[in-house]
Amino acid sequence: MSADIPLYQRDPEAWQAHLAEGNRTQPRKRVSADVLFRDEAGRILLVNPRYKPDWDLPGGMAEANEPPLDAARREIAEELGLEYPGGRLLIVDWVAPHGPWDDSLVFIFDGGVLTIEDQATIQLRDGELDEHRFCEPERASDLLRPNAWLRVQRALAAVQSEKAEYLHGGHRV
């Protein structure tokens, strides 16, 4: 065999082994998928997780090889008992390494407006949440971590502009 022939044509098994080694050694990113729900008055649905000190949007971490939108659907069903069909992507935010955590990607999807009837069906189901509430944006800014509040502000703007945004740490790039 000629050395000019690429490895993937000369030895497909060696090529697959090469790809597998690259996959094994390359860094992985954590991914979270949250949903921005609002009520008819424009208030934001927030949840109070038991496992951290601050409130958050409903949603959570994607499992291995799970698409972000599927993660959002699963987390909303597990946490709130709502069947979320999926919505428009509002935000992708790259979060720099901090504390013990490596960097991550945060996706925020539009959950639209929940009617009074929809709200009445919310059930805190998996034991991760202490409570939920709809908050005016000004109140939400007090309950959320500063970087989460920046993301929520940009997500609210993206709802109005109908354009998704890519952020670094909650800030436009």
# chains A, B, ... in the order shown; residues from 1 in each chain; ligands from 1
>>> residues_around(residues="Ile91 (chain A)", least_positions_apart="6", cutoff="8 Å", atoms="only C-alpha atoms", output="JSON, numbers by chain")
{"A": [106, 107, 108, 109, 151, 154, 155, 158, 164, 165, 166, 167]}
>>> write_last_selection(atoms="C-alpha atoms", output="mmCIF file, in the first residue's frame")
data_model
loop_
_atom_site.group_PDB
_atom_site.id
_atom_site.type_symbol
_atom_site.label_atom_id
_atom_site.label_comp_id
_atom_site.auth_asym_id
_atom_site.auth_seq_id
_atom_site.Cartn_x
_atom_site.Cartn_y
_atom_site.Cartn_z
ATOM 1 C CA VAL A 106 -26.139 26.683 29.150
ATOM 2 C CA PHE A 107 -29.065 26.515 26.730
ATOM 3 C CA ILE A 108 -32.264 28.429 27.450
ATOM 4 C CA PHE A 109 -35.388 27.532 25.497
ATOM 5 C CA ARG A 151 -28.840 35.125 31.072
ATOM 6 C CA ARG A 154 -30.876 38.295 27.556
ATOM 7 C CA ALA A 155 -33.451 35.486 27.206
ATOM 8 C CA ALA A 158 -34.474 37.284 22.766
ATOM 9 C CA ALA A 164 -31.232 33.670 19.682
ATOM 10 C CA GLU A 165 -28.062 34.981 21.305
ATOM 11 C CA TYR A 166 -24.662 33.504 22.048
ATOM 12 C CA LEU A 167 -23.157 34.737 25.318
#
>>> residues_around(residues="Pro146 (chain A)", least_positions_apart="5", cutoff="12 Å", atoms="only C-alpha atoms", output="ChimeraX atom specification")
/A:54-56,140-141,151-153,169-171
>>> residues_around(residues="Ile76 (chain A)", least_positions_apart="4", cutoff="9 Å", atoms="only C-alpha atoms", output="ChimeraX atom specification")
/A:34-35,58-60,71-72,80-84
>>> write_last_selection(atoms="N, CA and C atoms", output="tab-separated table (two decimals), in the first residue's frame")
chain	number	residue	atom	x	y	z
A	34	ASP	N	-32.28	24.90	30.25
A	34	ASP	CA	-33.31	25.53	31.06
A	34	ASP	C	-34.43	26.05	30.17
A	35	VAL	N	-35.57	26.33	30.80
A	35	VAL	CA	-36.73	26.81	30.05
A	35	VAL	C	-37.25	28.08	30.70
A	58	PRO	N	-36.41	26.64	35.67
A	58	PRO	CA	-36.59	25.18	35.62
A	58	PRO	C	-35.74	24.58	34.51
A	59	GLY	N	-35.26	23.39	34.75
A	59	GLY	CA	-34.41	22.69	33.79
A	59	GLY	C	-33.31	21.97	34.52
A	60	GLY	N	-32.23	21.67	33.83
A	60	GLY	CA	-31.13	20.99	34.50
A	60	GLY	C	-30.10	20.45	33.54
A	71	ALA	N	-33.08	17.19	26.95
A	71	ALA	CA	-32.80	17.36	28.38
A	71	ALA	C	-33.80	18.31	29.01
A	72	ALA	N	-34.11	19.40	28.32
A	72	ALA	CA	-35.10	20.35	28.84
A	72	ALA	C	-36.46	19.68	28.99
A	80	LEU	N	-41.40	19.30	37.27
A	80	LEU	CA	-42.65	20.05	37.39
A	80	LEU	C	-43.88	19.26	36.97
A	81	GLY	N	-43.68	18.09	36.39
A	81	GLY	CA	-44.81	17.30	35.93
A	81	GLY	C	-45.51	17.89	34.72
A	82	LEU	N	-44.83	18.79	34.01
A	82	LEU	CA	-45.41	19.39	32.81
A	82	LEU	C	-44.88	18.69	31.57
A	83	GLU	N	-45.74	18.55	30.58
A	83	GLU	CA	-45.29	18.04	29.29
A	83	GLU	C	-44.89	19.24	28.45
A	84	TYR	N	-43.59	19.44	28.33
A	84	TYR	CA	-43.05	20.57	27.56
A	84	TYR	C	-42.71	20.06	26.16
>>> select_by_dssp(residues="chain A", states="helix (DSSP H, G or I)", output="PyMOL selection string")
chain A and resi 7-10+12-25+68-80+116-120+137-143+146-161
>>> write_last_selection(atoms="C-alpha atoms", output="PDB file, in the first residue's frame")
ATOM      1  CA  LEU A   7      -5.189   5.988   6.845  1.00  0.00           C
ATOM      2  CA  TYR A   8      -9.010   5.766   6.665  1.00  0.00           C
ATOM      3  CA  GLN A   9      -8.746   4.145   3.204  1.00  0.00           C
ATOM      4  CA  ARG A  10      -5.715   1.936   3.978  1.00  0.00           C
ATOM      5  CA  PRO A  12     -10.516   1.399   8.291  1.00  0.00           C
ATOM      6  CA  GLU A  13     -10.159  -0.439  11.634  1.00  0.00           C
ATOM      7  CA  ALA A  14      -7.038   1.564  12.535  1.00  0.00           C
ATOM      8  CA  TRP A  15      -8.896   4.744  11.565  1.00  0.00           C
ATOM      9  CA  GLN A  16     -11.813   3.852  13.877  1.00  0.00           C
ATOM     10  CA  ALA A  17      -9.342   3.101  16.698  1.00  0.00           C
ATOM     11  CA  HIS A  18      -7.683   6.476  16.070  1.00  0.00           C
ATOM     12  CA  LEU A  19     -11.067   8.248  16.278  1.00  0.00           C
ATOM     13  CA  ALA A  20     -12.009   6.353  19.441  1.00  0.00           C
ATOM     14  CA  GLU A  21      -8.742   7.381  21.129  1.00  0.00           C
ATOM     15  CA  GLY A  22      -9.365  11.008  20.184  1.00  0.00           C
ATOM     16  CA  ASN A  23     -12.902  10.787  21.565  1.00  0.00           C
ATOM     17  CA  ARG A  24     -11.596   9.219  24.795  1.00  0.00           C
ATOM     18  CA  THR A  25      -8.934  11.873  25.422  1.00  0.00           C
ATOM     19  CA  PRO A  68     -30.139  19.859  25.042  1.00  0.00           C
ATOM     20  CA  LEU A  69     -33.791  20.174  23.984  1.00  0.00           C
ATOM     21  CA  ASP A  70     -34.459  16.579  25.037  1.00  0.00           C
ATOM     22  CA  ALA A  71     -32.796  17.359  28.382  1.00  0.00           C
ATOM     23  CA  ALA A  72     -35.101  20.352  28.843  1.00  0.00           C
ATOM     24  CA  ARG A  73     -38.170  18.239  28.061  1.00  0.00           C
ATOM     25  CA  ARG A  74     -37.066  15.499  30.463  1.00  0.00           C
ATOM     26  CA  GLU A  75     -36.151  17.883  33.287  1.00  0.00           C
ATOM     27  CA  ILE A  76     -39.449  19.793  33.033  1.00  0.00           C
ATOM     28  CA  ALA A  77     -41.414  16.523  33.188  1.00  0.00           C
ATOM     29  CA  GLU A  78     -39.330  15.184  36.094  1.00  0.00           C
ATOM     30  CA  GLU A  79     -39.303  18.391  38.144  1.00  0.00           C
ATOM     31  CA  LEU A  80     -42.652  20.049  37.388  1.00  0.00           C
ATOM     32  CA  ILE A 116     -53.774  29.631  34.841  1.00  0.00           C
ATOM     33  CA  GLU A 117     -54.872  26.107  33.885  1.00  0.00           C
ATOM     34  CA  ASP A 118     -51.295  25.113  32.982  1.00  0.00           C
ATOM     35  CA  GLN A 119     -49.986  26.566  36.235  1.00  0.00           C
ATOM     36  CA  ALA A 120     -52.508  24.568  38.252  1.00  0.00           C
ATOM     37  CA  PRO A 137     -38.255  40.483  36.662  1.00  0.00           C
ATOM     38  CA  GLU A 138     -37.153  42.911  39.386  1.00  0.00           C
ATOM     39  CA  ARG A 139     -37.780  40.264  42.062  1.00  0.00           C
ATOM     40  CA  ALA A 140     -36.168  37.547  39.944  1.00  0.00           C
ATOM     41  CA  SER A 141     -32.968  39.615  39.885  1.00  0.00           C
ATOM     42  CA  ASP A 142     -32.841  39.318  43.699  1.00  0.00           C
ATOM     43  CA  LEU A 143     -33.387  35.538  43.743  1.00  0.00           C
ATOM     44  CA  PRO A 146     -25.895  37.399  39.071  1.00  0.00           C
ATOM     45  CA  ASN A 147     -24.748  35.376  36.046  1.00  0.00           C
ATOM     46  CA  ALA A 148     -28.105  33.561  35.862  1.00  0.00           C
ATOM     47  CA  TRP A 149     -29.915  36.913  36.022  1.00  0.00           C
ATOM     48  CA  LEU A 150     -27.799  38.197  33.098  1.00  0.00           C
ATOM     49  CA  ARG A 151     -28.840  35.125  31.072  1.00  0.00           C
ATOM     50  CA  VAL A 152     -32.506  35.599  31.965  1.00  0.00           C
ATOM     51  CA  GLN A 153     -32.362  39.257  30.928  1.00  0.00           C
ATOM     52  CA  ARG A 154     -30.876  38.295  27.556  1.00  0.00           C
ATOM     53  CA  ALA A 155     -33.451  35.486  27.206  1.00  0.00           C
ATOM     54  CA  LEU A 156     -36.300  37.947  27.808  1.00  0.00           C
ATOM     55  CA  ALA A 157     -34.801  40.237  25.157  1.00  0.00           C
ATOM     56  CA  ALA A 158     -34.474  37.284  22.766  1.00  0.00           C
ATOM     57  CA  VAL A 159     -38.192  36.518  23.208  1.00  0.00           C
ATOM     58  CA  GLN A 160     -38.970  40.037  22.010  1.00  0.00           C
ATOM     59  CA  SER A 161     -36.373  40.186  19.218  1.00  0.00           C
TER      60      SER A 161
END
>>> closest_residue(among="A:Cys135, A:Leu57, A:Val31, A:Leu36", to="Gly112 (chain A)", atoms="only C-alpha atoms")
A:Leu36
>>> atom_distance(atom1="CA of Val173 (chain A)", atom2="CA of Val47 (chain A)")
28.1 Å
